[in-house]
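Visitor: Sending over entry-v5.csv (CSV, C-alpha atoms).
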```
chain,number,residue,atom,x,y,z
A,783,MET,CA,-1.8,-44.7,16.0
A,784,PRO,CA,-3.1,-48.2,17.0
A,785,ALA,CA,-1.0,-50.2,19.4
A,786,PHE,CA,0.2,-53.6,18.3
A,787,ARG,CA,0.4,-56.2,21.2
A,788,PRO,CA,2.1,-59.6,20.7
A,789,ARG,CA,0.0,-62.6,21.7
A,790,HIS,CA,1.7,-64.5,24.5
A,791,LEU,CA,1.8,-68.3,24.3
A,792,CYS,CA,1.2,-69.0,28.0
A,793,SER,CA,0.4,-67.2,31.2
A,794,VAL,CA,4.0,-67.8,32.5
A,795,ALA,CA,5.4,-66.0,29.5
A,796,ALA,CA,2.9,-63.2,30.1
A,797,ALA,CA,3.8,-62.9,33.7
A,798,LEU,CA,7.5,-62.8,32.8
A,799,ALA,CA,6.9,-60.1,30.2
A,800,LEU,CA,5.1,-58.0,32.7
A,801,THR,CA,7.8,-58.4,35.3
A,802,VAL,CA,10.4,-57.3,32.8
A,803,ALA,CA,8.4,-54.5,31.2
A,804,ALA,CA,7.2,-52.8,34.3
A,805,PRO,CA,10.6,-51.5,35.5
A,806,ALA,CA,11.5,-50.4,31.9
A,807,THR,CA,8.2,-48.5,31.6
A,808,ALA,CA,8.8,-46.8,34.9
A,809,ALA,CA,12.3,-45.9,34.0
A,810,THR,CA,11.2,-44.5,30.6
A,811,ALA,CA,8.6,-42.4,32.3
A,812,ALA,CA,11.1,-41.2,34.9
A,813,GLY,CA,13.5,-40.4,32.1
A,814,ALA,CA,10.9,-38.4,30.2
A,815,ALA,CA,10.0,-36.5,33.3
A,816,SER,CA,13.6,-35.8,34.0
A,817,ASP,CA,14.2,-34.6,30.5
A,818,ALA,CA,11.2,-32.3,30.7
A,819,ALA,CA,12.3,-31.0,34.1
A,820,ALA,CA,15.8,-30.2,32.6
A,821,LEU,CA,14.3,-27.8,30.0
A,822,ARG,CA,13.3,-24.2,30.5
A,823,GLU,CA,10.7,-22.4,28.3
A,824,VAL,CA,12.1,-19.2,26.9
A,825,LEU,CA,11.4,-16.6,24.2
A,826,PHE,CA,14.0,-16.3,21.3
A,827,VAL,CA,14.2,-12.8,20.0
A,828,GLY,CA,15.9,-12.5,16.6
A,829,ASN,CA,17.9,-9.3,16.2
A,830,ASN,CA,18.0,-9.1,12.5
A,831,TRP,CA,20.5,-6.3,11.9
A,832,ASP,CA,23.2,-7.4,14.3
A,833,GLY,CA,23.0,-11.1,13.7
A,834,THR,CA,22.2,-12.2,17.3
A,835,ALA,CA,19.3,-13.7,19.2
A,836,ASP,CA,18.5,-12.8,22.7
A,837,VAL,CA,17.0,-15.4,24.9
A,838,ILE,CA,14.6,-14.1,27.6
A,839,ARG,CA,12.2,-15.5,30.1
A,840,SER,CA,8.9,-16.5,28.6
A,841,THR,CA,6.8,-15.0,31.4
A,842,GLY,CA,6.9,-12.6,34.3
A,843,ASP,CA,9.6,-10.0,34.0
A,844,PHE,CA,10.9,-11.4,30.7
A,845,ALA,CA,14.4,-10.9,31.9
A,846,LYS,CA,17.3,-11.7,29.6
A,847,ILE,CA,18.9,-15.1,30.1
A,848,GLY,CA,21.6,-15.2,27.4
A,849,ARG,CA,22.6,-14.3,23.8
A,850,ILE,CA,23.5,-16.3,20.7
A,851,ASP,CA,25.6,-15.2,17.8
A,852,VAL,CA,23.6,-16.5,14.8
A,853,ILE,CA,26.4,-15.8,12.2
A,854,PRO,CA,29.4,-17.5,13.7
A,855,ASP,CA,30.3,-18.5,10.1
A,856,LYS,CA,30.1,-14.9,8.7
A,857,ALA,CA,33.6,-14.9,7.3
A,858,ALA,CA,33.0,-18.0,5.2
A,859,ARG,CA,29.6,-16.8,4.0
A,860,MET,CA,31.0,-13.4,3.0
A,861,ALA,CA,33.9,-15.1,1.1
A,862,GLU,CA,31.3,-17.1,-0.9
A,863,ILE,CA,29.2,-14.0,-1.6
A,864,ASN,CA,32.2,-11.9,-2.7
A,865,ALA,CA,33.4,-14.6,-5.0
A,866,ASP,CA,30.0,-14.8,-6.8
A,867,PRO,CA,28.8,-11.7,-8.7
A,868,ILE,CA,25.2,-12.8,-8.7
A,869,LYS,CA,25.2,-13.6,-5.0
A,870,TRP,CA,26.9,-10.2,-4.3
A,871,ILE,CA,24.2,-8.3,-6.3
A,872,TYR,CA,21.4,-10.0,-4.3
A,873,PHE,CA,23.3,-9.5,-1.0
A,874,GLN,CA,23.5,-5.7,-1.8
A,875,ALA,CA,19.9,-5.6,-3.0
A,876,ILE,CA,18.7,-7.1,0.3
A,877,ARG,CA,20.8,-4.6,2.3
A,878,ASN,CA,19.5,-1.6,0.3
A,879,GLY,CA,15.9,-2.9,-0.1
A,880,VAL,CA,14.1,-4.9,2.6
A,881,GLY,CA,17.1,-4.3,5.0
A,882,GLU,CA,16.6,-0.6,4.9
A,883,GLY,CA,20.4,-0.1,4.6
A,884,HIS,CA,21.3,-3.1,6.9
A,885,ASP,CA,22.1,-6.7,6.4
A,886,GLN,CA,19.4,-9.2,7.5
A,887,PHE,CA,21.0,-11.9,9.6
A,888,ALA,CA,18.2,-13.3,11.8
A,889,ASP,CA,14.7,-13.4,10.4
A,890,ASP,CA,13.1,-16.4,12.1
A,891,MET,CA,14.0,-19.1,14.6
A,892,TYR,CA,12.8,-22.2,16.5
A,893,SER,CA,14.5,-24.5,19.0
A,894,THR,CA,14.6,-28.2,18.7
A,895,PRO,CA,12.2,-30.2,21.0
A,896,ASP,CA,15.2,-31.3,23.2
A,897,GLY,CA,16.4,-27.7,23.7
A,898,THR,CA,19.9,-28.5,22.4
A,899,SER,CA,19.8,-26.4,19.2
A,900,VAL,CA,18.1,-23.4,17.6
A,901,VAL,CA,17.3,-23.2,13.9
A,902,VAL,CA,17.6,-19.8,12.2
A,903,SER,CA,16.7,-18.4,8.8
A,904,ARG,CA,19.2,-15.8,7.6
A,905,PRO,CA,17.9,-13.7,4.7
A,906,SER,CA,21.2,-12.1,3.6
A,907,PHE,CA,23.0,-15.5,3.6
A,908,ALA,CA,20.0,-17.2,1.8
A,909,ASP,CA,20.1,-20.1,4.2
A,910,VAL,CA,18.9,-21.9,7.3
A,911,VAL,CA,21.3,-23.0,10.0
A,912,SER,CA,21.1,-25.1,13.1
A,913,LEU,CA,23.2,-23.8,16.0
A,914,ASP,CA,24.3,-25.8,19.0
A,915,LEU,CA,23.1,-23.9,22.1
A,916,ALA,CA,25.9,-25.3,24.3
A,917,THR,CA,28.7,-24.3,22.0
A,918,GLY,CA,27.3,-21.8,19.5
A,919,ALA,CA,28.7,-23.9,16.6
A,920,VAL,CA,26.9,-24.7,13.4
A,921,ASN,CA,25.3,-28.1,13.4
A,922,TRP,CA,24.1,-28.0,9.8
A,923,ARG,CA,23.4,-25.5,7.0
A,924,PHE,CA,20.8,-25.6,4.3
A,925,PRO,CA,21.1,-23.1,1.4
A,926,VAL,CA,17.7,-22.3,0.2
A,927,SER,CA,16.9,-22.1,-3.5
A,928,GLY,CA,17.3,-18.6,-4.9
A,929,TYR,CA,18.9,-15.8,-2.9
A,930,ARG,CA,16.9,-15.0,0.2
A,931,ALA,CA,15.4,-17.0,3.2
A,932,ASP,CA,12.4,-15.6,5.0
A,933,HIS,CA,9.7,-16.6,7.6
A,934,MET,CA,9.6,-20.1,9.0
A,935,ALA,CA,7.1,-22.4,10.8
A,936,VAL,CA,7.7,-25.5,12.9
A,937,SER,CA,5.4,-28.5,12.8
A,938,PRO,CA,3.3,-29.2,16.0
A,939,ASP,CA,5.5,-32.2,16.8
A,940,GLY,CA,8.6,-30.0,16.5
A,941,LYS,CA,10.2,-32.3,14.0
A,942,ARG,CA,10.1,-30.3,10.8
A,943,VAL,CA,10.6,-26.7,9.9
A,944,ALA,CA,9.2,-24.9,6.8
A,945,VAL,CA,11.1,-21.9,5.4
A,946,SER,CA,10.1,-19.5,2.6
A,947,ALA,CA,12.7,-19.0,-0.1
A,948,SER,CA,11.4,-15.6,-1.2
A,949,THR,CA,13.2,-15.2,-4.6
A,950,SER,CA,12.4,-18.7,-5.9
A,951,ASN,CA,8.8,-18.8,-4.9
A,952,THR,CA,9.4,-22.0,-3.0
A,953,VAL,CA,8.9,-23.3,0.5
A,954,HIS,CA,11.4,-25.9,1.8
A,955,VAL,CA,10.5,-28.3,4.6
A,956,LEU,CA,13.4,-29.6,6.5
A,957,ASP,CA,14.1,-32.2,9.2
A,958,ILE,CA,14.8,-30.0,12.2
A,959,VAL,CA,17.5,-32.3,13.6
A,960,THR,CA,19.4,-33.2,10.4
A,961,GLY,CA,18.7,-30.3,8.1
A,962,LYS,CA,17.8,-32.6,5.3
A,963,GLN,CA,15.0,-31.6,3.0
A,964,VAL,CA,11.9,-33.8,3.4
A,965,GLY,CA,9.9,-31.9,0.8
A,966,SER,CA,9.1,-28.6,-0.9
A,967,PHE,CA,6.3,-26.9,-2.8
A,968,ALA,CA,5.7,-23.9,-5.1
A,969,THR,CA,4.0,-20.8,-4.0
A,970,GLY,CA,2.9,-17.4,-5.3
A,971,ASP,CA,5.3,-14.5,-5.7
A,972,LYS,CA,7.6,-13.9,-2.7
A,973,PRO,CA,6.4,-16.4,-0.1
A,974,HIS,CA,6.4,-15.0,3.4
A,975,GLU,CA,4.4,-16.3,6.4
A,976,ASN,CA,4.0,-20.1,7.0
A,977,ILE,CA,1.5,-21.7,9.3
A,978,PHE,CA,1.1,-25.4,10.2
A,979,THR,CA,-2.4,-26.4,11.2
A,980,LYS,CA,-2.5,-27.7,14.8
A,981,ASP,CA,-3.0,-31.3,13.7
A,982,GLY,CA,0.1,-31.0,11.5
A,983,LYS,CA,-1.8,-32.0,8.3
A,984,TYR,CA,-1.5,-28.8,6.3
A,985,ILE,CA,0.8,-25.9,5.7
A,986,TYR,CA,-0.5,-22.5,4.8
A,987,ASN,CA,1.8,-20.2,2.9
A,988,MET,CA,1.2,-16.5,2.3
A,989,ALA,CA,2.8,-14.9,-0.8
A,990,ILE,CA,3.1,-11.1,-0.5
A,991,GLY,CA,4.4,-10.2,-3.9
A,992,ASP,CA,7.0,-7.5,-4.6
A,993,VAL,CA,7.1,-5.1,-1.6
A,994,ASN,CA,10.2,-3.2,-2.7
A,995,THR,CA,8.9,-1.1,-5.6
A,996,SER,CA,7.4,2.4,-5.3
A,997,LEU,CA,4.4,1.3,-7.5
A,998,ASP,CA,2.1,1.5,-4.4
A,999,ALA,CA,-1.0,3.3,-5.7
A,1000,PRO,CA,-4.1,1.1,-5.7
A,1001,TRP,CA,-4.4,1.2,-9.5
A,1002,LEU,CA,-0.9,-0.2,-9.8
A,1003,ASP,CA,-1.6,-3.1,-7.4
A,1004,TRP,CA,-1.5,-5.6,-10.3
A,1005,THR,CA,2.3,-4.9,-10.7
A,1006,LYS,CA,3.0,-6.5,-7.3
A,1007,GLY,CA,2.7,-10.0,-8.7
A,1008,ASP,CA,0.8,-13.2,-7.9
A,1009,ARG,CA,-0.3,-13.0,-4.3
A,1010,HIS,CA,-2.3,-15.8,-2.8
A,1011,ILE,CA,-2.4,-18.3,0.1
A,1012,THR,CA,-1.1,-21.8,-0.9
A,1013,VAL,CA,-2.4,-24.7,1.2
A,1014,VAL,CA,-0.5,-28.0,0.9
A,1015,ASP,CA,-0.7,-31.4,2.4
A,1016,ALA,CA,2.1,-31.5,5.0
A,1017,THR,CA,3.0,-35.1,4.2
A,1018,THR,CA,2.9,-35.2,0.4
A,1019,PHE,CA,3.5,-31.5,-0.2
A,1020,GLN,CA,0.8,-31.5,-2.9
A,1021,GLN,CA,-1.3,-28.4,-3.3
A,1022,VAL,CA,-4.8,-28.8,-1.7
A,1023,ARG,CA,-6.2,-25.4,-2.6
A,1024,THR,CA,-5.3,-21.7,-3.2
A,1025,ILE,CA,-7.0,-18.7,-1.7
A,1026,ASP,CA,-6.8,-15.4,-3.5
A,1027,MET,CA,-8.1,-12.6,-1.3
A,1028,ARG,CA,-8.5,-10.3,-4.3
A,1029,GLN,CA,-11.9,-11.8,-5.2
A,1030,ARG,CA,-12.9,-11.9,-1.5
A,1031,LEU,CA,-12.0,-8.3,-1.0
A,1032,ASP,CA,-13.7,-7.2,-4.2
A,1033,ALA,CA,-16.9,-9.1,-3.0
A,1034,ILE,CA,-17.2,-6.7,0.0
A,1035,GLY,CA,-16.4,-3.6,-2.0
A,1036,LEU,CA,-12.7,-3.3,-1.0
A,1037,GLY,CA,-11.2,-3.3,-4.5
A,1038,ASP,CA,-8.6,-0.7,-3.5
A,1039,TYR,CA,-7.2,-2.8,-0.7
A,1040,SER,CA,-4.1,-5.0,-1.2
A,1041,ASP,CA,-4.6,-8.8,-1.3
A,1042,ALA,CA,-1.0,-9.4,0.0
A,1043,VAL,CA,-1.7,-11.4,3.2
A,1044,ARG,CA,1.0,-10.6,5.8
A,1045,PRO,CA,1.0,-12.0,9.4
A,1046,ALA,CA,-2.0,-14.2,10.1
A,1047,VAL,CA,-3.4,-16.3,12.9
A,1048,PHE,CA,-6.1,-19.0,13.2
A,1049,SER,CA,-8.8,-19.1,15.8
A,1050,PRO,CA,-8.4,-22.0,18.3
A,1051,ASP,CA,-10.9,-24.2,16.3
A,1052,GLU,CA,-9.3,-23.1,13.0
A,1053,SER,CA,-12.6,-22.1,11.6
A,1054,LYS,CA,-11.5,-18.4,11.2
A,1055,LEU,CA,-8.3,-16.9,9.9
A,1056,TYR,CA,-7.4,-13.3,11.0
A,1057,PHE,CA,-4.9,-11.6,8.7
A,1058,GLN,CA,-3.3,-8.3,7.8
A,1059,VAL,CA,-2.6,-7.0,4.3
A,1060,SER,CA,-0.2,-4.5,2.9
A,1061,PHE,CA,-0.9,-0.8,3.4
A,1062,PHE,CA,-3.9,-1.3,5.7
A,1063,ASN,CA,-4.2,-0.2,9.3
A,1064,GLY,CA,-6.3,-3.0,10.6
A,1065,PHE,CA,-7.1,-6.7,9.9
A,1066,PHE,CA,-9.7,-9.0,8.5
A,1067,GLU,CA,-11.6,-12.1,9.6
A,1068,TYR,CA,-12.0,-14.9,7.0
A,1069,ASP,CA,-14.4,-17.8,7.5
A,1070,LEU,CA,-12.9,-20.9,6.0
A,1071,ALA,CA,-16.2,-22.8,5.7
A,1072,THR,CA,-18.0,-20.1,3.7
A,1073,ASP,CA,-14.8,-18.9,1.9
A,1074,ARG,CA,-15.5,-15.3,2.6
A,1075,ILE,CA,-14.3,-12.3,4.5
A,1076,THR,CA,-16.8,-11.9,7.3
A,1077,ARG,CA,-15.5,-8.8,9.3
A,1078,THR,CA,-13.1,-5.9,8.9
A,1079,LYS,CA,-11.4,-4.1,11.7
A,1080,THR,CA,-10.0,-0.7,10.9
A,1081,LEU,CA,-7.6,0.6,13.6
A,1082,PRO,CA,-6.6,4.2,14.3
A,1083,LYS,CA,-4.1,6.0,12.2
A,1084,ASN,CA,-1.3,7.9,13.9
A,1085,PRO,CA,-1.6,11.5,12.8
A,1086,ALA,CA,2.2,11.7,12.6
A,1087,THR,CA,2.3,8.8,10.1
A,1088,SER,CA,2.3,9.8,6.5
A,1089,ASP,CA,-0.4,8.3,4.3
A,1090,ASP,CA,2.1,8.2,1.5
A,1091,ARG,CA,2.3,4.4,0.8
A,1092,THR,CA,5.8,4.7,-0.5
A,1093,THR,CA,7.0,5.6,3.0
A,1094,PHE,CA,5.7,2.3,4.5
A,1095,VAL,CA,8.5,-0.2,5.3
A,1096,ASN,CA,8.2,-3.0,2.8
A,1097,ASP,CA,4.5,-2.1,2.1
A,1098,SER,CA,3.5,-3.0,5.7
A,1099,ARG,CA,1.5,-0.5,7.6
A,1100,HIS,CA,0.6,-3.0,10.3
A,1101,HIS,CA,2.8,-6.1,10.7
A,1102,GLY,CA,2.3,-8.5,13.6
A,1103,LEU,CA,-0.8,-10.4,14.9
A,1104,SER,CA,-1.2,-12.9,17.7
A,1105,MET,CA,-4.1,-14.4,19.6
A,1106,LYS,CA,-4.7,-15.2,23.3
A,1107,PRO,CA,-4.7,-19.1,23.5
A,1108,ASP,CA,-8.4,-19.1,24.5
A,1109,GLY,CA,-9.3,-17.2,21.4
A,1110,SER,CA,-10.8,-14.2,23.2
A,1111,LYS,CA,-8.3,-11.5,22.3
A,1112,LEU,CA,-6.2,-10.5,19.4
A,1113,CYS,CA,-3.0,-8.4,19.7
A,1114,VAL,CA,-2.0,-6.1,16.8
A,1115,ALA,CA,1.3,-4.5,16.0
A,1116,GLY,CA,0.7,-1.2,14.3
A,1117,THR,CA,4.1,-1.0,12.7
A,1118,MET,CA,4.1,2.3,10.9
A,1119,ASP,CA,1.6,3.9,13.4
A,1120,ASP,CA,3.9,3.2,16.4
A,1121,TYR,CA,1.5,1.4,18.7
A,1122,ALA,CA,0.2,-2.0,19.6
A,1123,VAL,CA,-3.3,-2.8,20.7
A,1124,VAL,CA,-5.4,-5.6,22.1
A,1125,VAL,CA,-8.8,-6.2,20.4
A,1126,ASP,CA,-11.7,-8.3,21.7
A,1127,ARG,CA,-12.3,-11.0,19.1
A,1128,ALA,CA,-16.1,-11.3,19.7
A,1129,THR,CA,-16.9,-7.5,19.5
A,1130,PHE,CA,-13.8,-6.1,17.8
A,1131,GLN,CA,-13.7,-3.5,20.5
A,1132,GLN,CA,-10.2,-2.2,20.8
A,1133,GLY,CA,-8.3,-1.5,24.0
A,1134,PRO,CA,-5.9,1.4,24.8
A,1135,LEU,CA,-3.2,2.1,22.2
A,1136,VAL,CA,0.2,1.2,23.7
A,1137,SER,CA,2.9,3.4,22.3
A,1138,ALA,CA,5.6,1.4,20.6
A,1139,SER,CA,8.5,2.2,18.2
A,1140,LYS,CA,7.9,0.4,14.9
A,1141,PRO,CA,6.6,-2.8,16.4
A,1142,TYR,CA,7.3,-5.6,13.9
A,1143,TRP,CA,5.9,-8.8,15.4
A,1144,ALA,CA,3.5,-10.0,18.0
A,1145,THR,CA,3.5,-13.3,19.8
A,1146,VAL,CA,2.1,-14.8,23.1
A,1147,SER,CA,3.9,-15.3,26.4
A,1148,GLY,CA,4.5,-18.8,27.7
A,1149,ASP,CA,1.6,-18.6,30.2
A,1150,GLY,CA,-0.7,-17.0,27.6
A,1151,ARG,CA,-1.4,-13.9,29.7
A,1152,ASP,CA,0.6,-11.4,27.7
A,1153,CYS,CA,1.1,-10.3,24.1
A,1154,VAL,CA,4.8,-9.8,23.4
A,1155,ILE,CA,5.8,-7.4,20.6
A,1156,SER,CA,9.2,-6.6,19.1
A,1157,GLU,CA,9.9,-2.9,19.0
A,1158,SER,CA,12.3,-2.8,16.1
A,1159,GLY,CA,12.7,1.0,16.3
A,1160,ALA,CA,13.6,0.9,20.0
A,1161,ASP,CA,15.6,-2.3,20.2
A,1162,GLN,CA,13.3,-3.8,22.9
A,1163,VAL,CA,10.5,-6.3,23.4
A,1164,THR,CA,7.4,-5.2,25.3
A,1165,ALA,CA,4.8,-7.3,27.0
A,1166,ILE,CA,1.1,-6.2,27.0
A,1167,ASP,CA,-1.5,-7.7,29.3
A,1168,PHE,CA,-4.2,-9.3,27.3
A,1169,ALA,CA,-6.7,-8.7,30.1
A,1170,THR,CA,-6.2,-5.0,30.5
A,1171,GLY,CA,-4.5,-4.0,27.3
A,1172,GLN,CA,-1.9,-2.2,29.3
A,1173,LYS,CA,1.9,-2.4,29.0
A,1174,VAL,CA,3.5,-4.7,31.5
A,1175,VAL,CA,7.3,-4.4,30.9
A,1176,SER,CA,9.9,-3.6,28.2
A,1177,VAL,CA,13.2,-5.4,28.0
A,1178,PRO,CA,16.2,-4.2,25.9
A,1179,VAL,CA,17.5,-6.5,23.2
A,1180,GLY,CA,19.8,-6.2,20.1
A,1181,ASP,CA,19.6,-4.2,16.9
A,1182,HIS,CA,16.2,-4.4,15.1
A,1183,PRO,CA,14.4,-7.2,16.8
A,1184,GLN,CA,11.8,-8.9,14.6
A,1185,ARG,CA,10.6,-12.4,15.1
A,1186,VAL,CA,9.9,-13.6,18.6
A,1187,ARG,CA,9.3,-17.3,19.2
A,1188,LEU,CA,8.7,-19.6,22.2
A,1189,GLY,CA,11.2,-22.3,22.6
A,1190,HIS,CA,13.3,-24.3,25.1
A,1191,VAL,CA,16.8,-24.4,26.4
A,1192,ALA,CA,18.5,-26.4,29.1
A,1193,ALA,CA,17.4,-25.3,32.6
A,1194,ASP,CA,20.8,-24.0,33.5
A,1195,TRP,CA,21.6,-22.4,30.1
A,1196,THR,CA,22.9,-18.8,30.1
A,1197,GLY,CA,24.6,-18.8,26.7
A,1198,PRO,CA,27.1,-20.8,24.6
A,1199,ARG,CA,30.2,-21.6,26.6
A,1200,ALA,CA,33.5,-20.1,25.4
A,1201,SER,CA,35.4,-22.3,23.0
```
Would you give me this structure, written as C-alpha cells?
Guide:
Amino acid sequence: MPAFRPRHLCSVAAALALTVAAPATAATAAGAASDAAALREVLFVGNNWDGTADVIRSTGDFAKIGRIDVIPDKAARMAEINADPIKWIYFQAIRNGVGEGHDQFADDMYSTPDGTSVVVSRPSFADVVSLDLATGAVNWRFPVSGYRADHMAVSPDGKRVAVSASTSNTVHVLDIVTGKQVGSFATGDKPHENIFTKDGKYIYNMAIGDVNTSLDAPWLDWTKGDRHITVVDATTFQQVRTIDMRQRLDAIGLGDYSDAVRPAVFSPDESKLYFQVSFFNGFFEYDLATDRITRTKTLPKNPATSDDRTTFVNDSRHHGLSMKPDGSKLCVAGTMDDYAVVVDRATFQQGPLVSASKPYWATVSGDGRDCVISESGADQVTAIDFATGQKVVSVPVGDHPQRVRLGHVAADWTGPRAS
C-alpha cells in the first residue's frame, strides 16, 4: 500500500517530528522482534477420533511439546445434539459413515499469528472453535451451515480462515480472532479442500461429491454429484471461475477416472496444480494457463490392497500431497496402499516406498527439509527426508491423526495450564 506522509510546515517542526518519531520506531521494531522471539514454530496434529491435538516440534526430532483437548465443551454440544432429532441423525451418520464407526472431533486447525489461540474445525459438532492455548478454554464458536465442518485454509496474512460446510455446499470465511463471518460462497457438492493463493487474492475450493455410497463403479460415477473446483475472489467472495476436471480427464482418454479432486498443491509460481482424485493411486499435473492436464503419475499398487473400490475409505485410495518449498519434490500419501513416497517434480521419478499405516495427510516441516505424514492407522506422524526419500523419524500421537499444520505457540508453552 502507498505510504501517506504529512507535509511539515517548517524545518523546526520536521526536526521535532523526527526527534519524537525515532524512539517510537525503534521501540516498535524492538517490540516486534521481542514478540517474534517469544513465539515457537510447531506442528499441530489433529487426532480426529479422540478429540485432541498434539503439538510437536516443527523440525529435527519432532518431539512432542504438549497436548490440547479440542472438545472441552463436549457435554454442552452433546446435550444440544441429543435434544435435536435432526442433529442426532447427522451425528450418528458421521460416526457410522466418514468416521468409520468413530466420532470426528478434530479435522483441521490453524494457530493465530500471535500464537495465543488455535482454531479447530470439528465435523461431528458441525462447528469451528477458537481455543485459548494458555487455558484451553473456548474463545469463540461458529456453527457452520448444515451438519458437518470439514477442511480449512488460512489466509497468507493469518487473519482469516475458510472452512468447508460439507452438507450445505458452502464455504464460510471467518475472522480468525473474533470468529465473525466476513463472507461465504457456494460450492459444488461436498466441499472439501480449500487453498488460498499466496497473494491472498483467491480461494480455491475442491468439491468431492458423495464419498459414502457404494456406487463406486466408473459407470456410476455420475451418481456422486457435482464435483468441481470453485475459484472465488477472496475479498468479494464472488465466483471467478469453475474448473470441472471431468472434461479435462476425458480429453486425455481417462473417462473412467473420477473427477473428485482431493488434496492438491500449487507449484511455487502457481502455474501448475498437482492433485489427487478419488480411487486413483497417483496424481495429476494441471496447467492453469492452458487449462489442461499435462501429466499423469501412476504410483505402485500394494498387492495386499484390494482393487474393490467399495473398500477404499471415503473413496480415497491416495489422500495427502505436499511439495518441497523450492518446488523440486512432491510427497504423496498412499493411504490405502500403506506407503508414502517422494517424487521428483521435473521427471516424475519416484523414490523408495516408505511403509506407513493408512497415511492420511502430507505436509512440510518448518525448515522445508522433510515431508511429514500422519499415519492414521498407527497413531503416529512420520518425517521423510525430501532429499533421500527415506524415513527420518516417527513420533507417537493420539487416535487417528489426520491434518498436520504448521503454527506457533509461546516459546515456553507446554500445554494449557490447569484451571
Visitor: Any idea what's packed within 10 Å of Val1047 (chain A), counting only C-alpha atoms, ignoring anything in its chain fewer than 3 positions away? Could you give it as a PyMOL selection string?
Guide: chain A and resi 977+1050+1052+1054-1058+1067+1102-1105+1112
Visitor: How would the residues just picked look written out with C-alpha atoms as a compact mmCIF listing (two decimals), in the frame of the given file?
Guide:
```
# COMPACT_ATOMS: atom_id res chain seq x y z
CA ILE A 977 1.50 -21.70 9.30
CA PRO A 1050 -8.40 -22.00 18.30
CA GLU A 1052 -9.30 -23.10 13.00
CA LYS A 1054 -11.50 -18.40 11.20
CA LEU A 1055 -8.30 -16.90 9.90
CA TYR A 1056 -7.40 -13.30 11.00
CA PHE A 1057 -4.90 -11.60 8.70
CA GLN A 1058 -3.30 -8.30 7.80
CA GLU A 1067 -11.60 -12.10 9.60
CA GLY A 1102 2.30 -8.50 13.60
CA LEU A 1103 -0.80 -10.40 14.90
CA SER A 1104 -1.20 -12.90 17.70
CA MET A 1105 -4.10 -14.40 19.60
CA LEU A 1112 -6.20 -10.50 19.40
```
Visitor: Report the closest atom pair, with its distance in Å rounded to one decimal, for each residue of region 929-993 of chain A that has an atom no farther than 9 Å from region 895-904 of chain A; count only C-alpha atoms, sort by chain and then rising residue number, and write it as CSV.
Guide:
```
residue,atom,partner,partner_atom,distance
A:Arg930,CA,A:Arg904,CA,7.8
A:Ala931,CA,A:Ser903,CA,5.9
A:Asp932,CA,A:Ser903,CA,6.4
A:His933,CA,A:Ser903,CA,7.3
A:Met934,CA,A:Ser903,CA,7.3
A:Asp939,CA,A:Pro895,CA,8.2
A:Gly940,CA,A:Pro895,CA,5.8
A:Lys941,CA,A:Pro895,CA,7.6
A:Val943,CA,A:Val901,CA,8.6
A:Val945,CA,A:Ser903,CA,7.4
A:Ile958,CA,A:Val901,CA,7.4
A:Val959,CA,A:Ser899,CA,8.5
```
Visitor: Please report the interatomic distance between CA of Ser840 (chain A) and CA of Gly881 (chain A) in Å with one decimal.
Guide: 27.8 Å
Visitor: If we count all atoms listed in the file, what is near region 1184-1196 of chain A at a cut-off of 6 Å, once residues fewer than 6 positions away on the same chain are taken out, given as a PDB file with C-alpha atoms, in the coordinates of the input?
Guide:
```
ATOM      1  CA  ALA A 820      15.800 -30.200  32.600  1.00  0.00           C
ATOM      2  CA  LEU A 821      14.300 -27.800  30.000  1.00  0.00           C
ATOM      3  CA  ARG A 822      13.300 -24.200  30.500  1.00  0.00           C
ATOM      4  CA  GLU A 823      10.700 -22.400  28.300  1.00  0.00           C
ATOM      5  CA  VAL A 824      12.100 -19.200  26.900  1.00  0.00           C
ATOM      6  CA  LEU A 825      11.400 -16.600  24.200  1.00  0.00           C
ATOM      7  CA  PHE A 826      14.000 -16.300  21.300  1.00  0.00           C
ATOM      8  CA  VAL A 827      14.200 -12.800  20.000  1.00  0.00           C
ATOM      9  CA  GLY A 828      15.900 -12.500  16.600  1.00  0.00           C
ATOM     10  CA  ILE A 847      18.900 -15.100  30.100  1.00  0.00           C
ATOM     11  CA  GLY A 848      21.600 -15.200  27.400  1.00  0.00           C
ATOM     12  CA  ASP A 890      13.100 -16.400  12.100  1.00  0.00           C
ATOM     13  CA  SER A 893      14.500 -24.500  19.000  1.00  0.00           C
ATOM     14  CA  GLY A 897      16.400 -27.700  23.700  1.00  0.00           C
ATOM     15  CA  TYR A1142       7.300  -5.600  13.900  1.00  0.00           C
ATOM     16  CA  TRP A1143       5.900  -8.800  15.400  1.00  0.00           C
ATOM     17  CA  SER A1156       9.200  -6.600  19.100  1.00  0.00           C
TER      18      SER A1156
END
```
Visitor: For the atom pair CA of Val1174 (chain A) and CA of Asp1152 (chain A), what is the interatomic distance in Å to one decimal place?
Guide: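 Calculated distance between CA of Val1174 (chain A) and CA of Asp1152 (chain A) is 8.2 Å.
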Visitor: Between CA of Thr1078 (chain A) and CA of Lys983 (chain A), what is the distance, to one decimal in Å?
Guide: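 Answer for the CA of Thr1078 (chain A) to CA of Lys983 (chain A) separation: 28.4 Å.
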Visitor: Choose the residue, out of A:Asn976, A:Gln1021, A:Ser946, A:Ser1060, that has the smallest atom-to-atom separation from Ala999 (chain A); count all atoms listed in the file.
Guide: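 Ranked by minimum distance to Ala999 (chain A), first place goes to A:Ser1060.
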Visitor: Measuring atom to atom with only C-alpha atoms, identify which of A:Val1095, A:Ile1075, A:Ile1166, A:Ile853 is nearest to Gly883 (chain A).
Guide: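 With only C-alpha atoms as the atom set, the closest residue is A:Val1095.
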Visitor: Using only C-alpha atoms, can you tell me which of A:Gly1116, A:Gly879, A:Gly961, A:Gly1159 comes closest to Asp909 (chain A)?
Guide: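 Smallest distance to Asp909 (chain A) is found for A:Gly961.
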Visitor: Which one is closest to Val1013 (chain A): A:Ser1053, A:Gln1132, A:Gly970, A:Arg1028? Count all atoms listed in the file.
Guide: A:Gly970
Visitor: Could you pull out every residue with an atom within 10 Å of (-8.9, -2.9, 2.7), file coordinates, counting all atoms listed in the file, and send them as an NGL selection string?
Guide: :A and (1031-1032 or 1034-1041 or 1058-1066 or 1078-1080)
Visitor: Find the residues around Thr995 (chain A) up to 10 Å (only C-alpha atoms counted), leave out those fewer than 5 positions away in its own chain, and share them as a list in words.
Guide: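 The residues that qualify are Gly879, Thr1005, Lys1006, Thr1092, Asn1096 and Asp1097 of chain A.
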